[in-house]
Structures are given as C-alpha cells and as structure tokens.
Amino acid sequence: MKKQFIYPIILLLISFSAKSQDSTWLTHYEKTNFKETPRYKETIEYSRKLARHSEWIHYKTFGESPQNRKLPILIVNKDKKFTPQNINDSGKVTLLVEACIHPGEPEGKDAGLMLLRDIAIKKKHTDLLDNITLLFIPIVNVDGHERFGPYNRINQNGPKEMGWRTTAQNLNLNRDFLKADAPEMKHWLTMFNKWMPDFFVDIHTTDGADYQYPITYAMETFGNMESGLTQWQKDTYLEEIKTDMQQAGYPIFPYISFREWHNPESGIVAWAAEPRFSQGYTALHNRPGLLIETHMLKNYKTRVTATYEMLIKTMEILNKENQNLNKLINEADTYTASKAFREKPFPVEFQATDDSTIVEFKGIEYDKVHSDLTGADWFKYGDKPVTMEVPYFNDIVPSKTAKLPECYIIPPEWISVIERIKLHGIKTYKLKDKKELFVTSSLFTNVNFNKKPFESRHRINSFKIKPYQKKETFPEGSVIIPMNQKRARVIAHILEPKSPDSYIKWGFFNAIFEQKEYAELYVMEEKAREMLKEDSVLKRKFREKKQNDENFANSPWAISNWFYEKTPYWDEKKNNYPVAKIHDADLFKKLMKEIKQ
C-alpha cells in the first residue's frame with residue numbers, strides 16, 4: 001500500500017522539477033507571453049547564464065560602443081573549440097547570425113536565445129552542431145537598443161517596446177559596412193575578418209506593403225558573386241529552404257520592393273546589394289549572406305517563431321552541405337586572387353532591365369483611392385488573402401564596370417583611407433624609398449555633391465572621369481595594395497570611383513575638390529588679355545563659354561578663375577584622384593620583390 005502512495009509522489013516531484021527547470025530557462029520574451037523583448041542588461045545576463053551552464057557555449061565581447069557598452073558574441077561549438085584557429089581547421093562550417101543591427105527589429109535576438117537554449121541546455125537539435133560552429137550576436141547596435149520605448153516603430157505590430165534604428169551617433173550600421181565610420185562597425189569588421197565565417201545571417205523586420213508571407217529574404221544571386229557560389233545559393237540553399245519553410249507553415253518570398261512605391265500592380269524589383277549593406281558586403285568576401293526580413297504587420301510571436309524556424313532550417317542545410325560549401329568558398333577565394341579574375345571587366349554596379357517574369361504573389365486584398373489629404377494614392381488593405389500574378393523584374397545586369405589593375409598605390413598622407421583598408425583584412429605593403437612609377441590615374445570633372453548629408457557624410461552625386469597615364473613620383477611609405485588576394489572584390493569597391501560605395505563617393509577624398517589658391521582680379525585682368533592675344537583657340541573657347549553659360553558670363557570671378565586654371569600657377573593636384581593603378585605585371589613584380597627584400 002505504501003508503494004502505491006510513494007510512486008505518485010515521486011512522479012509528481014519529477015514533473016515539478018522538470019517544470020521548474022523549464023521555468024528557469026524561459027526567456028524574457030516567453031515569460032511575457034511573447035509580447036516583450038528584453039533590455040540589454042537582461043540579454044547579457046541570459047547570454048552569460050547560457051555560457052555558465054553549457055560547455056558548448058562560450059561568451060565573450062568583441063568591442064565597446066561609444067556609450068561604453070560591450071558588444072556580445074556567443075560561440076557555440078560541440079567540441080568545445082572557441083577560437084578561429086581551432087575551428088577553421090575542423091572542416092566545420094562557421095555560421096554567423098546577428099540580430100538587432102536595427103534594434104527596433106529584435107526578432108533575431110529572441111529567436112536566437114531560444115535556439116541556443118534549446119540546443120545547449122535542452123539538448124534538442126544537437127545534431128545541427130555536428131558540422132557547424134555557430135556565432136551569435138544578440139545585439140549589434142547596443143546603444144541604439146537602449147534608446148528603448150513604445151514609439152520607435154510606427155509601422156510595426158509589436159513587441160511592446162523596442163530599441164531605436166540608429167546608433168548613439170545617429171549612424172545606420174546597415175549602411176556602414178564598407179565605409180566603417182561607426183566604432184561599432186570597426187569592431188565588427190575586426191571580428192568578421194578574424195573569424196571569416198562561411199555563411200552569414202542578418203535578421204531584420206521590413207516596412208512596406210501588406211502580404212501573407214511572415215518572412216521575405218534576400219541573397220546575392222544576381223551576378224556580384226563567383227558563379228559557383230551563386231549557383232549553390234540558387235539551386236541548393238534557396239530551393240531547399242523555400243520547401244522547408246512552406247512545409248513548416250511559414251512560406252517565404254524574395255524581398256518585396258515594388259517598382260512603384262506601395263503599388264503591387266507595378267511589379268516587384270530585384271537587385272544586387274551594394275556593399276554598404278550586410279549581405280552585399282559579405283558577398284565581396286565570397287561568403288553567402290542571407291537577409292531575413294520578417295513582416296512588420298504579423299504579430300510578434302509569429303515573426304519570432306518564423307525566424308526560429310528559418311535558423312533551424314538553415315542549419316540543417318549547412319550541416320549537410322558543409323564540405324560542398326567549404327569547397328566552393330575555397331575555389332572562389334582562389335579565383336578572386338587570380339590573374340583570370342583581374343583580366344575581366346569587373347562589375348561595380350548593377351541594374352534591373354525591363355524584362356520580367358510573372359510570379360505568384362500571396363498578397364492581401366486592397367483598395368486604391370486618391371487621398372485628399374496628401375494627394376497621393378492611398379492603399380487601404382483589408383484582411384482577405386488574395387493570390388496575384390505580378391511581374392518580377394529579376395533580370396539584373398552590370399551597369400558599370402572597371403578595369404582592374406595589378407595593384408593600387410596610395411600616397412601615405414591619406415591615412416584615414418589606408419587605415420580603413422587595413423580594417424577590411426586587406427594586405428598592404430609600403431614603399432621603402434621614393435619611386436617614380438608609370439601609373440594610370442584619373443581626373444574628375446563635372447563633380448556634383450548631394451545637397452544634404454547622408455550617414456554623416458557629404459556624398460558625391462555624380463562626376464565624369466578622364467583616365468590618363470603618366471610618370472608620377474610616390475614618396476617613401478606610399479602604400480601598395482596588390483589585387484592578387486582573396487579580398488580583391490573589397491579593394492575594387494573601395495577604390496574604383498564608379499562603385500556606388502567607393503571612398504571617393506563617400507567623401508573620403510573631398511579635399512581634392514577644394515581650390516586653395518586664387519588669383520586677384522586685377523592680376524588676372526592683365527594676364528587674361530595677354531593670353532587671348534597670344535592664343536586664338538583660347539579666344540574662341542572663351543567666346544563660346546560666354547555665349548553658352550549665362551552664369552559664367554555674368555560672373556567676373558568665374559571668368560577670372562577660368563583663365564587662372566589655364567596658367568602654370570594652377571594647382572595640378574586639384575580634382576586629380578590620388579589613388580593610382582599599376583597595370584604592368586612586370587613592374588608590379590619588381591616592386592613587390594624590392595619591398596619584400
């Protein structure tokens with residue numbers, strides 16, 4: 001009889017213990033009935049707790065923000081190896097997942113913490129670590145995260161409160177990957193180039209239209225990556241993940257950007273991401289990047305759960321594909337450093353053509369009415385799901401290309417540029433002595449600046465480039481940047497002026513466009529008359545300039561300066577790009593031999 005009483009008590013105690021353990025490991029998101037996301041302090045405490053209780057998880061930081069908050073990263077490895085050197089020799093795929101680069105979009109943080117808990121503490125999905133090392137950054141933008149409040153995302157359905165989009169310095173980190181102005185990004189790049197992960201996931205929440213998909217995505221499959229990796233993303237990863245997510249009840253669709261803003265009927269436009277964006281940047285390193293965009297109008301629980309599923313399904317694919325992906329990455333790195341890569345025109349910008357295919361789009365029924373308030377079309381969404389057929393403009397072609405050299409050379413005074421280049425993991429070398437070299441350089445004309453700053457910089461909107469070749473003397477300490485390295489794509493996008501994120505366009509070289517010496521009107525008056533008297537061609541050009549340019553004709557200073565430009569006193573460095581190219585392979589080899597002696 002006694003045993004009959006004891007067994008139920010034991011079972012009850014076991015059940016109570018299990019429930020107590022489950023309660024101990026509930027995340028803040030789960031404790032609040034899926035309505036809230038934790039603050040920075042709570043996130044760090046939970047992350048540290050995971051590391052304390054699991055020998056598979058190591059917690060560390062990789063930098064500090066301007067407001068003195070540590071940048072956290074969790075390293076998850078079944079073999080208890082937590083350094084890049086140990087992991088890179090293991091044959092495993094290194095997967096980097098980051099959340100809260102835009103802290104108002106925190107789904108990745110809550111999904112990631114649950115995923116780590118389920119794997120390392122509850123021992124679910126442990127097989128996913130057989131061939132994967134997982135790096136998880138729960139919050140990238142730690143200062144923006146703590147600008148916490150209920151009114152940070154007007155278009156978004158939860159959580160109750162969230163962080164702010166930009167850093168404490170009002171910089172958008174997901175526009176900063178190549179220019180690297182933010183201290184947080186400098187730390188991120190150091191971490192990234194130390195680990196050099198094989199696959200990258202960046203988790204966001206999208207604004208825009210209403211539709212049925214809980215997640216849309218973007219990957220670089222439109223020509224800005226090596227062909228083998230492009231095909232792997234298209235034929236292996238995307239085909240499988242779309243099927244898996246559909247079966248899990250969370251259908252996905254490519255990132256939705258309508259050809260006409262808010263108008264589904266206009267069609268959806270694809271694009272190749274510029275390297276200011278996360279997945280556009282990792283593409284330059286021959287590393288596939290996945291942009292997850294949960295749908296802001298779905299409730300927060302749906303968005304977090306869908307993100308969790310996307311991470312699980314991604315790890316399942318990578319766990320199977322580890323050897324194949326490693327092979328393709330090695331081949332891409334080798335090709336990027338090769339002569340064959342440099343001999344082809346390098347695409348620095350892409351655009352969609354007018355060609356399209358018809359795709360099935362799971363939208364929401366809407367009415368389009370003319371607004372008497374704003375004067376624009378007002379798209380009023382209902383709640384009825386509808387399947388539409390819309391044009392998908394996914395024929396992406398290069399719109400600008402560059403001829404790559406054997407190396408670039410930068411005079412040593414351009415310190416900020418040189419420091420940023422090194423930050424990207426790029427190998428550089430210094431001239432030991434002053435050298436006169438035959439180089440290709442560029443003269444900029446018709447330079448137009450944007451009227452407003454963008455991401456704290458005064459960008460160049462447009463210019464014309466006149467390449468020219470000449471012998472130029474470079475001082476000791478000038479920096480040689482060889483292109484026979486696996487980061488050649490990164491180098492090209494930084495230094496090729498036509499690249500949309502080139503450092504010339506971001507304003508790193510704005511000083512070259514400033515005139516620093518001037519001629520007084522009374523000095524040029526006499527000299528200009530002498531020049532006209534002696535040069536009939538100049539006289540004709542002056543007459544035509546006055547006839548065709550009213551502003552010029554009515555500006556004594558502009559007229560005087562026009563003549564001053566044509567004197568030997570004019571600054572020969574103005575509008576000249578200080579970055580030069582060496583195309584001669586023999587000259588490059590000779591230089592490198594001298595440098596390495």
# chains A, B, ... in the order shown; residues from 1 in each chain; ligands from 1
>>> residues_around(residues="A:Arg459", least_positions_apart="2", cutoff="12 Å", atoms="only C-alpha atoms", output="list in words")
Lys179, Val447, Asn448, Phe449, Asn450, Lys451, Lys452, Pro453, Phe454, Glu455, Ser456, Arg457, Asn461, Ser462, Phe463, Pro500, Asp501, Ser502, Tyr503, Ile504, Lys505, Trp506, Gly507, Phe508, Phe509 and Asn510 of chain A
>>> write_last_selection(atoms="C-alpha atoms", output="PDB file, in the first residue's frame")
ATOM      1  CA  LYS A 179      32.942  52.915 -45.159  1.00  0.00           C
ATOM      2  CA  VAL A 447      31.637  67.000 -59.903  1.00  0.00           C
ATOM      3  CA  ASN A 448      28.250  67.392 -58.192  1.00  0.00           C
ATOM      4  CA  PHE A 449      27.680  66.911 -54.468  1.00  0.00           C
ATOM      5  CA  ASN A 450      24.470  65.878 -52.778  1.00  0.00           C
ATOM      6  CA  LYS A 451      22.720  68.825 -51.155  1.00  0.00           C
ATOM      7  CA  LYS A 452      22.135  67.016 -47.862  1.00  0.00           C
ATOM      8  CA  PRO A 453      24.413  64.779 -45.798  1.00  0.00           C
ATOM      9  CA  PHE A 454      23.799  61.048 -45.857  1.00  0.00           C
ATOM     10  CA  GLU A 455      25.038  58.903 -42.968  1.00  0.00           C
ATOM     11  CA  SER A 456      27.014  61.886 -41.668  1.00  0.00           C
ATOM     12  CA  ARG A 457      28.917  62.290 -44.959  1.00  0.00           C
ATOM     13  CA  ASN A 461      26.233  62.511 -56.509  1.00  0.00           C
ATOM     14  CA  SER A 462      27.882  62.393 -59.933  1.00  0.00           C
ATOM     15  CA  PHE A 463      31.082  63.117 -61.834  1.00  0.00           C
ATOM     16  CA  PRO A 500      28.360  53.205 -55.565  1.00  0.00           C
ATOM     17  CA  ASP A 501      30.174  52.843 -52.240  1.00  0.00           C
ATOM     18  CA  SER A 502      33.646  53.902 -53.325  1.00  0.00           C
ATOM     19  CA  TYR A 503      35.528  56.051 -50.877  1.00  0.00           C
ATOM     20  CA  ILE A 504      35.633  58.874 -53.407  1.00  0.00           C
ATOM     21  CA  LYS A 505      31.811  58.902 -53.451  1.00  0.00           C
ATOM     22  CA  TRP A 506      31.595  58.676 -49.649  1.00  0.00           C
ATOM     23  CA  GLY A 507      33.678  61.829 -49.332  1.00  0.00           C
ATOM     24  CA  PHE A 508      36.980  60.438 -48.047  1.00  0.00           C
ATOM     25  CA  PHE A 509      38.781  62.471 -50.728  1.00  0.00           C
ATOM     26  CA  ASN A 510      36.617  65.613 -50.735  1.00  0.00           C
TER      27      ASN A 510
END
>>> residues_around(residues="stretch 364-374 of chain A", least_positions_apart="3", cutoff="12 Å", atoms="only C-alpha atoms", output="VMD selection string")
chain A and resid 209 to 213 262 to 265 297 361 377 to 388
>>> residues_around(residues="A:Ala585", least_positions_apart="4", cutoff="9 Å", atoms="only C-alpha atoms", output="PDB file with N, CA, C and O atoms, in the first residue's frame")
ATOM      1  N   PRO A 405      43.550  46.662 -61.935  1.00  0.00           N
ATOM      2  CA  PRO A 405      44.998  46.670 -62.142  1.00  0.00           C
ATOM      3  C   PRO A 405      45.677  45.490 -61.457  1.00  0.00           C
ATOM      4  O   PRO A 405      45.025  44.661 -60.820  1.00  0.00           O
ATOM      5  N   GLU A 406      46.996  45.458 -61.553  1.00  0.00           N
ATOM      6  CA  GLU A 406      47.777  44.515 -60.754  1.00  0.00           C
ATOM      7  C   GLU A 406      47.820  44.971 -59.290  1.00  0.00           C
ATOM      8  O   GLU A 406      47.826  44.151 -58.375  1.00  0.00           O
ATOM      9  N   CYS A 407      47.830  46.297 -59.115  1.00  0.00           N
ATOM     10  CA  CYS A 407      47.798  46.837 -57.755  1.00  0.00           C
ATOM     11  C   CYS A 407      47.363  48.292 -57.810  1.00  0.00           C
ATOM     12  O   CYS A 407      47.380  48.928 -58.877  1.00  0.00           O
ATOM     13  N   LYS A 589      55.644  43.096 -60.131  1.00  0.00           N
ATOM     14  CA  LYS A 589      56.508  42.049 -59.562  1.00  0.00           C
ATOM     15  C   LYS A 589      57.830  42.630 -59.065  1.00  0.00           C
ATOM     16  O   LYS A 589      58.336  42.251 -57.999  1.00  0.00           O
ATOM     17  N   LYS A 590      58.370  43.554 -59.825  1.00  0.00           N
ATOM     18  CA  LYS A 590      59.632  44.190 -59.437  1.00  0.00           C
ATOM     19  C   LYS A 590      59.460  44.966 -58.132  1.00  0.00           C
ATOM     20  O   LYS A 590      60.295  44.897 -57.218  1.00  0.00           O
TER      21      LYS A 590
END
>>> atom_distance(atom1="atom CA of A:Lys49", atom2="atom CA of A:Lys31")
16.4 Å
>>> residues_around(residues="stretch 268-284 of chain A", least_positions_apart="2", cutoff="7 Å", atoms="only C-alpha atoms", output="ChimeraX atom specification")
/A:174-178,220,222,224-225,256-259,286-291,350-352,391-394,396,489-490,501
>>> write_last_selection(atoms="N, CA and C atoms", output="compact mmCIF listing (two decimals), in the first residue's frame")
# COMPACT_ATOMS: atom_id res chain seq x y z
N ASN A 174 23.68 49.43 -40.87
CA ASN A 174 23.49 48.67 -42.11
C ASN A 174 23.59 49.57 -43.35
N ARG A 175 24.34 50.64 -43.22
CA ARG A 175 24.80 51.43 -44.36
C ARG A 175 26.31 51.68 -44.23
N ASP A 176 26.93 50.99 -43.27
CA ASP A 176 28.28 51.36 -42.84
C ASP A 176 29.32 50.27 -43.07
N PHE A 177 28.94 49.16 -43.69
CA PHE A 177 29.86 48.02 -43.74
C PHE A 177 31.13 48.32 -44.52
N LEU A 178 31.06 49.09 -45.58
CA LEU A 178 32.27 49.36 -46.36
C LEU A 178 32.99 50.61 -45.87
N GLU A 220 22.51 37.17 -52.49
CA GLU A 220 23.23 37.76 -53.63
C GLU A 220 23.38 36.73 -54.74
N PHE A 222 22.61 37.65 -58.12
CA PHE A 222 22.39 38.41 -59.35
C PHE A 222 23.67 38.89 -60.01
N ASN A 224 26.92 39.43 -58.49
CA ASN A 224 28.02 40.07 -57.74
C ASN A 224 28.80 39.08 -56.89
N MET A 225 28.63 37.77 -57.16
CA MET A 225 29.43 36.74 -56.51
C MET A 225 29.97 35.78 -57.55
N ILE A 256 10.49 42.19 -50.93
CA ILE A 256 9.46 42.85 -51.73
C ILE A 256 9.74 44.35 -51.83
N SER A 257 10.12 44.77 -53.02
CA SER A 257 10.30 46.18 -53.32
C SER A 257 9.55 46.44 -54.62
N PHE A 258 8.45 47.16 -54.52
CA PHE A 258 7.63 47.38 -55.70
C PHE A 258 8.28 48.40 -56.64
N ARG A 259 8.06 48.21 -57.92
CA ARG A 259 8.65 49.12 -58.91
C ARG A 259 8.14 50.54 -58.70
N ASN A 286 33.24 36.54 -50.76
CA ASN A 286 32.88 35.20 -51.23
C ASN A 286 32.20 34.38 -50.13
N ARG A 287 31.41 35.06 -49.31
CA ARG A 287 30.66 34.38 -48.25
C ARG A 287 29.17 34.67 -48.45
N PRO A 288 28.35 33.62 -48.66
CA PRO A 288 26.92 33.85 -48.82
C PRO A 288 26.32 34.53 -47.60
N GLY A 289 25.47 35.51 -47.86
CA GLY A 289 24.78 36.21 -46.79
C GLY A 289 23.28 36.15 -47.02
N LEU A 290 22.56 35.85 -45.95
CA LEU A 290 21.10 35.78 -46.00
C LEU A 290 20.52 36.94 -45.21
N LEU A 291 19.71 37.75 -45.88
CA LEU A 291 18.96 38.81 -45.21
C LEU A 291 17.57 38.29 -44.91
N PHE A 350 24.98 47.40 -60.65
CA PHE A 350 24.01 46.59 -61.40
C PHE A 350 22.67 47.32 -61.46
N GLN A 351 21.87 46.91 -62.44
CA GLN A 351 20.51 47.46 -62.52
C GLN A 351 19.59 46.42 -63.13
N ALA A 352 18.31 46.54 -62.84
CA ALA A 352 17.29 45.65 -63.41
C ALA A 352 16.89 46.16 -64.79
N PRO A 391 4.42 40.96 -62.25
CA PRO A 391 5.73 40.87 -62.91
C PRO A 391 6.87 40.97 -61.89
N TYR A 392 7.87 40.15 -62.09
CA TYR A 392 9.05 40.14 -61.22
C TYR A 392 10.25 40.52 -62.08
N PHE A 393 10.80 41.70 -61.83
CA PHE A 393 11.91 42.22 -62.61
C PHE A 393 13.22 41.74 -61.98
N ASN A 394 13.62 40.55 -62.37
CA ASN A 394 14.81 39.93 -61.77
C ASN A 394 15.92 39.67 -62.79
N ILE A 396 18.95 41.10 -63.80
CA ILE A 396 19.89 42.09 -63.29
C ILE A 396 21.18 42.01 -64.11
N ARG A 489 37.75 41.86 -54.42
CA ARG A 489 36.45 42.50 -54.66
C ARG A 489 36.23 43.66 -53.70
N VAL A 490 36.64 43.48 -52.46
CA VAL A 490 36.51 44.54 -51.47
C VAL A 490 37.36 45.74 -51.87
N ASP A 501 29.68 52.63 -53.60
CA ASP A 501 30.17 52.84 -52.24
C ASP A 501 31.67 53.09 -52.21
>>> residues_around(residues="stretch 470-486 of chain A", least_positions_apart="2", cutoff="8 Å", atoms="only C-alpha atoms", output="ChimeraX atom specification")
/A:285,333-339,342,405-412,418,426-441,468,488-489,491
>>> residues_around(residues="A:Val93", least_positions_apart="4", cutoff="8 Å", atoms="only C-alpha atoms", output="ChimeraX atom specification")
/A:131-133,197-199,318-319,322,325-326
>>> write_last_selection(atoms="C-alpha atoms", output="short mmCIF file (atom, residue, chain, number, x, y, z; two decimals), in the first residue's frame")
data_model
loop_
_atom_site.label_atom_id
_atom_site.label_comp_id
_atom_site.auth_asym_id
_atom_site.auth_seq_id
_atom_site.Cartn_x
_atom_site.Cartn_y
_atom_site.Cartn_z
CA ASN A 131 29.31 20.18 -38.83
CA ILE A 132 28.59 23.75 -37.71
CA THR A 133 30.11 26.27 -35.36
CA PRO A 197 32.52 32.87 -41.30
CA ASP A 198 31.32 30.72 -44.19
CA PHE A 199 27.66 31.77 -44.04
CA LEU A 318 24.55 23.84 -43.82
CA ASN A 319 25.10 20.76 -41.69
CA ASN A 322 29.47 21.77 -45.08
CA LEU A 325 30.21 24.90 -49.27
CA ASN A 326 33.79 24.88 -47.97
#
>>> residues_around(residues="A:Met310", least_positions_apart="3", cutoff="8 Å", atoms="only C-alpha atoms", output="list of chain:residue names")
A:Ile241, A:Met245, A:Ala306, A:Thr307, A:Lys313, A:Thr314
>>> closest_residue(among="A:Glu496, A:Thr126, A:Asn33, A:Pro38", to="A:Asp79", atoms="only C-alpha atoms")
A:Thr126
>>> atom_distance(atom1="atom CA of A:Ala376", atom2="atom CA of A:Met296")
22.7 Å
>>> select_by_dssp(residues="stretch 49-110 of chain A", states="helix (DSSP H, G or I)", output="ChimeraX atom specification")
/A:49-53,84-88,107-110
